[in-house]
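Visitor: Provided herewith: my_file_34.txt, compact mmCIF, C-alpha atoms.
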```
# COMPACT_ATOMS: atom_id res chain seq x y z
CA MET A 2 -17.90 23.29 -53.30
CA ARG A 3 -14.77 21.10 -52.93
CA LYS A 4 -13.37 23.46 -50.28
CA LYS A 5 -16.61 23.28 -48.28
CA LYS A 6 -16.50 19.48 -48.32
CA VAL A 7 -12.90 19.43 -47.07
CA ILE A 8 -13.72 21.86 -44.26
CA GLY A 9 -16.80 19.83 -43.35
CA SER A 10 -14.71 16.65 -43.17
CA ILE A 11 -12.15 18.31 -40.89
CA VAL A 12 -14.87 19.58 -38.56
CA GLY A 13 -16.41 16.10 -38.46
CA VAL A 14 -13.09 14.47 -37.58
CA LEU A 15 -12.45 17.00 -34.81
CA SER A 16 -15.95 16.51 -33.39
CA THR A 17 -15.54 12.74 -33.40
CA THR A 18 -12.14 13.04 -31.71
CA LEU A 19 -13.56 15.26 -28.98
CA LEU A 20 -16.44 12.87 -28.37
CA LEU A 21 -14.07 9.91 -28.12
CA ALA A 22 -11.84 11.80 -25.70
CA ALA A 23 -14.81 12.68 -23.55
CA GLY A 24 -15.83 9.05 -23.40
CA CYS A 25 -12.39 7.70 -22.42
CA SER A 26 -11.72 5.95 -19.13
CA ASN A 27 -10.83 8.08 -16.13
CA GLY A 28 -7.25 6.89 -16.18
CA GLY A 29 -4.71 8.83 -18.19
CA GLU A 30 -6.87 11.96 -18.36
CA SER A 31 -7.84 14.61 -15.84
CA THR A 32 -11.06 13.36 -14.27
CA GLU A 33 -11.93 16.32 -12.10
CA GLU A 34 -15.57 16.40 -13.19
CA THR A 35 -16.25 12.65 -13.22
CA ASN A 36 -18.57 10.96 -10.73
CA GLU A 37 -17.06 7.52 -11.42
CA ILE A 38 -14.14 6.26 -9.34
CA HIS A 39 -12.30 3.09 -10.36
CA VAL A 40 -10.35 1.56 -7.47
CA GLY A 41 -7.81 -1.22 -7.83
CA THR A 42 -8.04 -3.66 -4.94
CA SER A 43 -5.39 -6.09 -3.71
CA PRO A 44 -5.79 -8.94 -1.20
CA GLY A 45 -5.67 -7.54 2.29
CA PRO A 46 -7.33 -5.34 4.90
CA TYR A 47 -6.67 -1.98 3.25
CA SER A 48 -8.80 -2.59 0.17
CA GLU A 49 -11.54 -4.03 2.36
CA LEU A 50 -11.43 -0.94 4.55
CA PHE A 51 -11.94 1.16 1.41
CA THR A 52 -14.74 -0.88 -0.14
CA ASP A 53 -16.61 -1.36 3.16
CA GLY A 54 -15.88 1.92 4.92
CA ILE A 55 -15.06 4.57 2.31
CA ALA A 56 -17.02 3.58 -0.81
CA PRO A 57 -20.42 3.92 0.93
CA ILE A 58 -19.52 7.47 2.00
CA LEU A 59 -18.56 8.36 -1.56
CA GLU A 60 -21.71 6.78 -2.95
CA GLU A 61 -23.80 8.87 -0.55
CA GLN A 62 -22.22 11.89 -2.24
CA GLY A 63 -23.27 10.70 -5.69
CA TYR A 64 -20.10 8.91 -6.79
CA SER A 65 -20.16 5.54 -8.46
CA VAL A 66 -17.36 3.31 -7.13
CA THR A 67 -16.27 0.23 -9.07
CA ALA A 68 -13.49 -2.15 -8.06
CA THR A 69 -11.01 -4.15 -10.12
CA ASP A 70 -9.30 -6.98 -8.24
CA PHE A 71 -5.58 -7.66 -8.62
CA ASP A 72 -3.61 -10.61 -7.28
CA GLU A 73 -0.80 -8.38 -6.05
CA LEU A 74 -0.03 -4.72 -5.47
CA LEU A 75 2.48 -4.47 -8.31
CA GLN A 76 -0.23 -5.26 -10.85
CA ALA A 77 -2.49 -2.61 -9.32
CA ASP A 78 0.28 -0.01 -9.52
CA ILE A 79 0.97 -0.83 -13.16
CA ALA A 80 -2.74 -0.48 -13.94
CA LEU A 81 -2.84 2.85 -12.10
CA ASN A 82 0.21 4.10 -13.95
CA GLU A 83 -1.33 3.08 -17.29
CA GLY A 84 -4.64 4.77 -16.47
CA ASP A 85 -6.77 1.64 -16.23
CA ILE A 86 -7.81 2.52 -12.66
CA ASP A 87 -7.93 5.78 -10.69
CA VAL A 88 -6.76 4.88 -7.21
CA ASN A 89 -5.41 2.16 -4.92
CA VAL A 90 -4.92 2.08 -1.16
CA ASP A 91 -2.57 -0.84 -0.49
CA GLN A 92 0.92 0.66 -0.37
CA HIS A 93 3.10 2.74 1.88
CA GLU A 94 5.13 5.75 0.80
CA ALA A 95 8.43 3.83 0.61
CA TYR A 96 6.94 1.22 -1.75
CA LEU A 97 5.38 4.01 -3.83
CA GLU A 98 8.68 5.84 -4.23
CA ASP A 99 10.42 2.59 -5.17
CA PHE A 100 7.76 1.86 -7.82
CA ASN A 101 8.04 5.36 -9.29
CA LYS A 102 11.82 5.09 -9.52
CA ASN A 103 11.83 1.68 -11.17
CA ASN A 104 8.95 2.32 -13.56
CA ASP A 105 9.39 5.98 -14.53
CA ALA A 106 5.97 6.56 -12.98
CA ASN A 107 4.33 9.63 -11.43
CA LEU A 108 2.10 8.19 -8.74
CA THR A 109 1.56 10.20 -5.57
CA GLY A 110 0.09 9.71 -2.11
CA LEU A 111 -2.86 11.89 -1.09
CA ILE A 112 -3.23 11.13 2.60
CA SER A 113 -1.95 8.64 5.16
CA ILE A 114 -4.55 6.06 6.14
CA PRO A 115 -4.86 3.29 8.76
CA THR A 116 -1.99 0.81 8.67
CA VAL A 117 -1.45 -2.64 10.17
CA PRO A 118 2.08 -2.86 11.65
CA THR A 119 4.78 -5.26 10.55
CA GLY A 120 5.73 -7.61 13.37
CA ILE A 121 7.93 -10.48 14.43
CA TYR A 122 5.98 -13.76 14.64
CA GLY A 123 7.10 -16.99 16.22
CA GLY A 124 7.83 -20.10 14.20
CA ARG A 125 9.68 -22.82 16.08
CA LYS A 126 10.18 -20.30 18.90
CA ASP A 127 7.35 -18.69 20.89
CA ALA A 128 9.05 -15.72 22.55
CA LEU A 129 11.69 -13.10 21.79
CA ASP A 130 13.87 -14.18 24.69
CA GLU A 131 14.19 -17.68 23.20
CA ILE A 132 16.49 -16.31 20.49
CA GLU A 133 19.66 -18.38 20.15
CA GLU A 134 22.82 -18.56 18.09
CA ASN A 135 22.24 -19.44 14.42
CA ASP A 136 18.43 -19.13 14.56
CA THR A 137 16.71 -18.66 11.22
CA VAL A 138 14.70 -15.47 10.67
CA ALA A 139 12.70 -14.91 7.47
CA ILE A 140 12.14 -11.37 6.19
CA PRO A 141 10.42 -10.02 3.04
CA ASP A 142 12.53 -9.86 -0.10
CA ASP A 143 11.07 -6.71 -1.72
CA ALA A 144 13.28 -3.67 -1.15
CA SER A 145 11.02 -1.44 0.96
CA ASN A 146 9.78 -4.24 3.23
CA THR A 147 13.28 -5.70 3.60
CA ALA A 148 14.38 -2.40 5.12
CA ARG A 149 11.26 -2.30 7.26
CA ALA A 150 11.95 -5.79 8.61
CA LEU A 151 15.57 -4.96 9.43
CA LEU A 152 14.37 -2.04 11.55
CA VAL A 153 12.14 -4.40 13.53
CA LEU A 154 15.06 -6.77 14.09
CA GLU A 155 17.11 -3.82 15.29
CA ASP A 156 14.29 -2.82 17.67
CA ALA A 157 14.45 -6.37 19.05
CA GLU A 158 18.20 -5.83 19.59
CA TRP A 159 18.97 -8.83 17.42
CA ILE A 160 21.04 -6.85 14.91
CA THR A 161 22.60 -3.41 14.57
CA LEU A 162 22.56 -1.52 11.30
CA GLU A 163 25.49 0.58 10.10
CA GLU A 164 25.55 4.02 11.61
CA GLY A 165 24.10 6.66 9.30
CA VAL A 166 22.40 4.23 6.91
CA ASP A 167 19.08 5.45 5.50
CA PRO A 168 16.58 3.14 7.24
CA ILE A 169 14.24 3.29 4.25
CA VAL A 170 16.76 1.71 1.87
CA ALA A 171 18.69 -0.51 4.26
CA THR A 172 19.61 -4.00 3.04
CA SER A 173 21.10 -7.04 4.72
CA SER A 174 24.53 -5.81 3.59
CA ASN A 175 24.06 -2.85 5.98
CA ILE A 176 24.00 -5.09 9.06
CA ALA A 177 26.96 -4.00 11.17
CA GLU A 178 26.46 -6.42 14.05
CA ASN A 179 24.71 -9.78 14.19
CA PRO A 180 25.58 -11.03 17.70
CA TYR A 181 23.45 -14.17 17.43
CA ASN A 182 24.84 -14.95 13.97
CA LEU A 183 21.25 -15.17 12.74
CA ASP A 184 20.54 -16.79 9.41
CA ILE A 185 18.43 -13.99 7.88
CA VAL A 186 16.58 -15.42 4.89
CA GLU A 187 14.82 -13.16 2.39
CA MET A 188 11.70 -14.58 0.76
CA ASP A 189 8.42 -13.54 -0.78
CA SER A 190 6.24 -12.07 1.98
CA ASN A 191 3.39 -14.43 1.11
CA GLN A 192 5.62 -17.44 1.73
CA ILE A 193 6.69 -16.47 5.25
CA PRO A 194 3.48 -17.56 7.04
CA ARG A 195 3.64 -20.90 5.21
CA SER A 196 7.25 -21.37 6.31
CA LEU A 197 6.84 -20.69 10.03
CA GLU A 198 7.11 -24.39 10.91
CA ASP A 199 10.55 -24.47 9.29
CA ILE A 200 12.01 -21.23 10.68
CA ASP A 201 12.48 -19.81 14.16
CA TYR A 202 10.92 -16.40 13.53
CA GLY A 203 9.34 -14.50 10.67
CA VAL A 204 8.95 -10.77 10.12
CA ILE A 205 5.57 -10.37 8.43
CA PRO A 206 3.89 -7.23 7.03
CA GLY A 207 0.43 -6.50 8.39
CA SER A 208 -1.40 -7.14 5.12
CA ILE A 209 0.18 -10.59 4.86
CA VAL A 210 -0.77 -11.33 8.47
CA TYR A 211 -4.34 -10.53 7.52
CA ASN A 212 -4.30 -12.59 4.32
CA ALA A 213 -2.82 -15.59 6.13
CA ASP A 214 -5.51 -15.34 8.82
CA ILE A 215 -2.88 -15.01 11.55
CA ASP A 216 -4.04 -13.54 14.84
CA ALA A 217 -2.30 -10.14 14.92
CA SER A 218 -2.22 -10.26 18.73
CA LEU A 219 0.36 -13.06 18.41
CA SER A 220 2.99 -10.60 17.22
CA LEU A 221 6.00 -10.78 19.52
CA LEU A 222 7.08 -7.24 18.61
CA ASN A 223 5.41 -4.64 16.40
CA GLU A 224 7.34 -1.97 14.57
CA ASP A 225 7.27 1.72 15.42
CA ILE A 226 5.83 2.86 12.10
CA LEU A 227 7.90 5.52 10.35
CA ASP A 228 6.11 8.10 8.21
CA GLU A 229 7.44 6.37 5.08
CA TYR A 230 5.70 3.15 6.09
CA GLU A 231 2.27 4.63 6.60
CA LEU A 232 -0.26 3.49 3.99
CA VAL A 233 -1.34 6.18 1.53
CA VAL A 234 -4.22 6.72 -0.89
CA THR A 235 -2.42 6.62 -4.25
CA VAL A 236 -3.36 8.31 -7.53
CA ASP A 237 -1.64 9.61 -10.64
CA GLU A 238 -0.21 12.99 -9.69
CA GLN A 239 -2.19 14.70 -12.47
CA ASN A 240 -5.37 13.79 -10.57
CA GLU A 241 -4.34 14.70 -7.03
CA ASP A 242 -6.32 17.97 -7.03
CA SER A 243 -9.40 16.56 -8.75
CA GLU A 244 -12.76 16.76 -7.03
CA TRP A 245 -13.10 12.99 -6.76
CA ALA A 246 -9.61 12.60 -5.27
CA GLN A 247 -10.33 15.24 -2.65
CA ALA A 248 -13.66 13.55 -1.94
CA ILE A 249 -11.72 10.38 -1.04
CA VAL A 250 -9.48 12.38 1.32
CA GLU A 251 -12.52 13.94 2.99
CA ALA A 252 -14.17 10.53 3.35
CA TYR A 253 -11.15 9.19 5.26
CA GLN A 254 -11.22 12.29 7.49
CA SER A 255 -14.96 12.12 8.11
CA ASP A 256 -16.66 11.41 11.43
CA GLU A 257 -18.58 8.62 9.71
CA PHE A 258 -15.38 6.76 8.86
CA ALA A 259 -13.91 7.43 12.32
CA ASP A 260 -16.94 5.76 13.88
CA TYR A 261 -16.70 2.85 11.43
CA LEU A 262 -13.02 2.32 12.26
CA GLU A 263 -13.47 2.60 16.02
CA GLU A 264 -15.90 -0.31 15.95
CA ARG A 265 -13.31 -2.44 14.14
CA ASN A 266 -10.11 -1.53 15.93
CA GLU A 267 -10.08 -4.14 18.67
CA ASP A 268 -6.72 -4.54 20.43
CA ASP A 269 -5.39 -1.55 18.45
CA TYR A 270 -5.13 -3.69 15.34
CA TRP A 271 -4.97 -0.53 13.20
CA PHE A 272 -2.32 2.15 13.57
CA ILE A 273 -4.11 5.48 13.06
CA PRO A 274 -1.87 8.11 11.40
CA GLU A 275 -1.76 11.74 12.47
CA ASP A 276 -3.69 12.72 9.32
CA LEU A 277 -6.77 11.01 10.76
CA GLN A 278 -6.45 11.99 14.41
```
Starting from the file, give its structure as structure tokens.
Guide:
Amino acid sequence: MRKKKVIGSIVGVLSTTLLLAAGCSNGGESTEETNEIHVGTSPGPYSELFTDGIAPILEEQGYSVTATDFDELLQADIALNEGDIDVNVDQHEAYLEDFNKNNDANLTGLISIPTVPTGIYGGRKDALDEIEENDTVAIPDDASNTARALLVLEDAEWITLEEGVDPIVATSSNIAENPYNLDIVEMDSNQIPRSLEDIDYGVIPGSIVYNADIDASLSLLNEDILDEYELVVTVDEQNEDSEWAQAIVEAYQSDEFADYLEERNEDDYWFIPEDLQ
């Protein structure tokens, strides 16, 4: 009788454990069979494009999409890495790789999605040809967007980077030539729009342009977007082949989303990656 009770207790514990596991959040476990998708949203156009353009397509297919708002992308990535959410759509490949390296994370991009270019915007100056000796140019201070900004300045022929430098990891120390002796100031991307009255030019990522309600057509020069700077749908790599993850990919590639985007792409505001063409 004692042995039967012990066996019964073990079976009960195992059953309870299995039930608890089955009821866990999507994050941290394979969620291939789930119909619930938890997206982490950050301020900017990319999350809005998902919630307004992609979520309805998924919901038509029977998925339930819930959003958790984060003040900044880093918080959303941490939540994704810890399994509190399933997906976010606010980062490019270079930022993703930098996050993985610095946080021992295993996030991965599923598909490139529409991106708003980084551009040079006027502060005290209104045109590129007004550049003068010792002008002040603000650029983002986070590693991936610092490199991105330096490439734009090189496109403007304001600086030259060292020959052979990896453009994805370039820093201000890799500037080989600075013929105008520009004062290149690194600051938080969110602060650049607020500082335009005090600087001559600012290099501003597209999402920040959107958040600051700056007219994107005022960009004096937009970047030529490298593959590494295309926005990607991001998930934990253990979920990249799940049914719900592939459903997101298919939604971005759908005719329905293409029509939605075409109606909202005035003045070529969105760069459309090859994945969606």
Visitor: One number please: atom CA of Glu229 of chain A to atom CA of Ile200 of chain A, in Å, one decimal.
Guide: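 Atom-to-atom, atom CA of Glu229 of chain A to atom CA of Ile200 of chain A, that is 28.5 Å.
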Visitor: Measuring atom to atom with only C-alpha atoms, identify which of A:Glu231, A:Asp53, A:Asp256, A:Glu267 is nearest to Val117 of chain A.
Guide: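 Looking only at the distances to Val117 of chain A, the closest residue turns out to be A:Glu231.
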Visitor: Please compute the atom CA of Ala252 of chain A-atom CA of Leu50 of chain A distance, one decimal, in Å.
Guide: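 Distance reported for this atom pair: 11.9 Å.
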Visitor: My list of candidates is A:Gln254, A:Ser43, A:Gln76, A:Thr161. Which is closest to Ile209 of chain A when distances are computed with only C-alpha atoms?
Guide: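 The closest residue to Ile209 of chain A is A:Ser43.
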Visitor: Considering all atoms listed in the file, state which residue in the set A:Ala150, A:Ile86, A:Leu162, A:Ala56 is at the smallest distance from Thr69 of chain A.
Guide: A:Ile86
Visitor: Anything within 10 Å of (0.1, -2.9, -9.5): list those residues as a PDB file with C-alpha atoms, in the coordinates of the input, counting all atoms listed in the file and sticking to the file's coordinates.
Guide:
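Written output follows (point-v6.pdb):
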```
ATOM      1  CA  GLY A  41      -7.810  -1.220  -7.830  1.00  0.00           C
ATOM      2  CA  THR A  42      -8.040  -3.660  -4.940  1.00  0.00           C
ATOM      3  CA  SER A  43      -5.390  -6.090  -3.710  1.00  0.00           C
ATOM      4  CA  PHE A  71      -5.580  -7.660  -8.620  1.00  0.00           C
ATOM      5  CA  ASP A  72      -3.610 -10.610  -7.280  1.00  0.00           C
ATOM      6  CA  GLU A  73      -0.800  -8.380  -6.050  1.00  0.00           C
ATOM      7  CA  LEU A  74      -0.030  -4.720  -5.470  1.00  0.00           C
ATOM      8  CA  LEU A  75       2.480  -4.470  -8.310  1.00  0.00           C
ATOM      9  CA  GLN A  76      -0.230  -5.260 -10.850  1.00  0.00           C
ATOM     10  CA  ALA A  77      -2.490  -2.610  -9.320  1.00  0.00           C
ATOM     11  CA  ASP A  78       0.280  -0.010  -9.520  1.00  0.00           C
ATOM     12  CA  ILE A  79       0.970  -0.830 -13.160  1.00  0.00           C
ATOM     13  CA  ALA A  80      -2.740  -0.480 -13.940  1.00  0.00           C
ATOM     14  CA  LEU A  81      -2.840   2.850 -12.100  1.00  0.00           C
ATOM     15  CA  ASN A  82       0.210   4.100 -13.950  1.00  0.00           C
ATOM     16  CA  GLU A  83      -1.330   3.080 -17.290  1.00  0.00           C
ATOM     17  CA  ASN A  89      -5.410   2.160  -4.920  1.00  0.00           C
ATOM     18  CA  ASP A  91      -2.570  -0.840  -0.490  1.00  0.00           C
ATOM     19  CA  GLN A  92       0.920   0.660  -0.370  1.00  0.00           C
ATOM     20  CA  PHE A 100       7.760   1.860  -7.820  1.00  0.00           C
TER      21      PHE A 100
END
```
Visitor: Smallest atom-to-atom distance to Glu244 of chain A: which of A:Val170, A:Ala144, A:Ile38, A:Asn135, using all atoms listed in the file?
Guide: A:Ile38
Visitor: Just give me the gap between atom CA of Val138 of chain A and atom CA of Asn212 of chain A in Å, one decimal is fine.
Guide: 20.2 Å
Visitor: Neighbourhood query: residues within 9 Å of (-2.1, 7.2, 0.5), file coordinates, counting all atoms listed in the file; return as JSON, numbers by chain.
Guide: {"A": [89, 90, 91, 92, 93, 94, 109, 110, 111, 112, 113, 114, 231, 232, 233, 234, 235, 236]}
Visitor: Which residue gives the smallest distance to Thr172 of chain A among A:Thr147, A:Gly63, A:Ile160, A:Asn191, with all atoms listed in the file counted?
Guide: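 The closest residue to Thr172 of chain A is A:Thr147.
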Visitor: Using all atoms listed in the file, pick whichever of A:Pro46, A:Gly124, A:Pro194, A:Pro206 has the shortest atom-to-atom distance to Glu224 of chain A.
Guide: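 With all atoms listed in the file as the atom set, the closest residue is A:Pro206.
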Visitor: If we count all atoms listed in the file and set the cut-off at 6 Å, which residues sit around Tyr122 of chain A, ignoring sequence neighbours fewer than 2 positions away in its own chain? Please answer as number ranges by chain.
Guide: A: 202-203, 220-221
Visitor: Can you sort out the box for segment 57-65 of chain A, edges along x, y and z, all listed atoms in, 3 Å on every side, with centre and edge lengths in Å to one decimal, as lines of an AutoDock Vina configuration file?
Guide:
```
center_x = -21.2
center_y = 7.9
center_z = -3.2
size_x = 11.2
size_y = 14.0
size_z = 16.5
```
Visitor: I'd like the contact shell of Trp271 of chain A - 10 Å cut-off, only C-alpha atoms, skipping same-chain residues fewer than 6 positions apart - returned as a ChimeraX atom specification.
Guide: /A:46,114-118,207,262-263,265
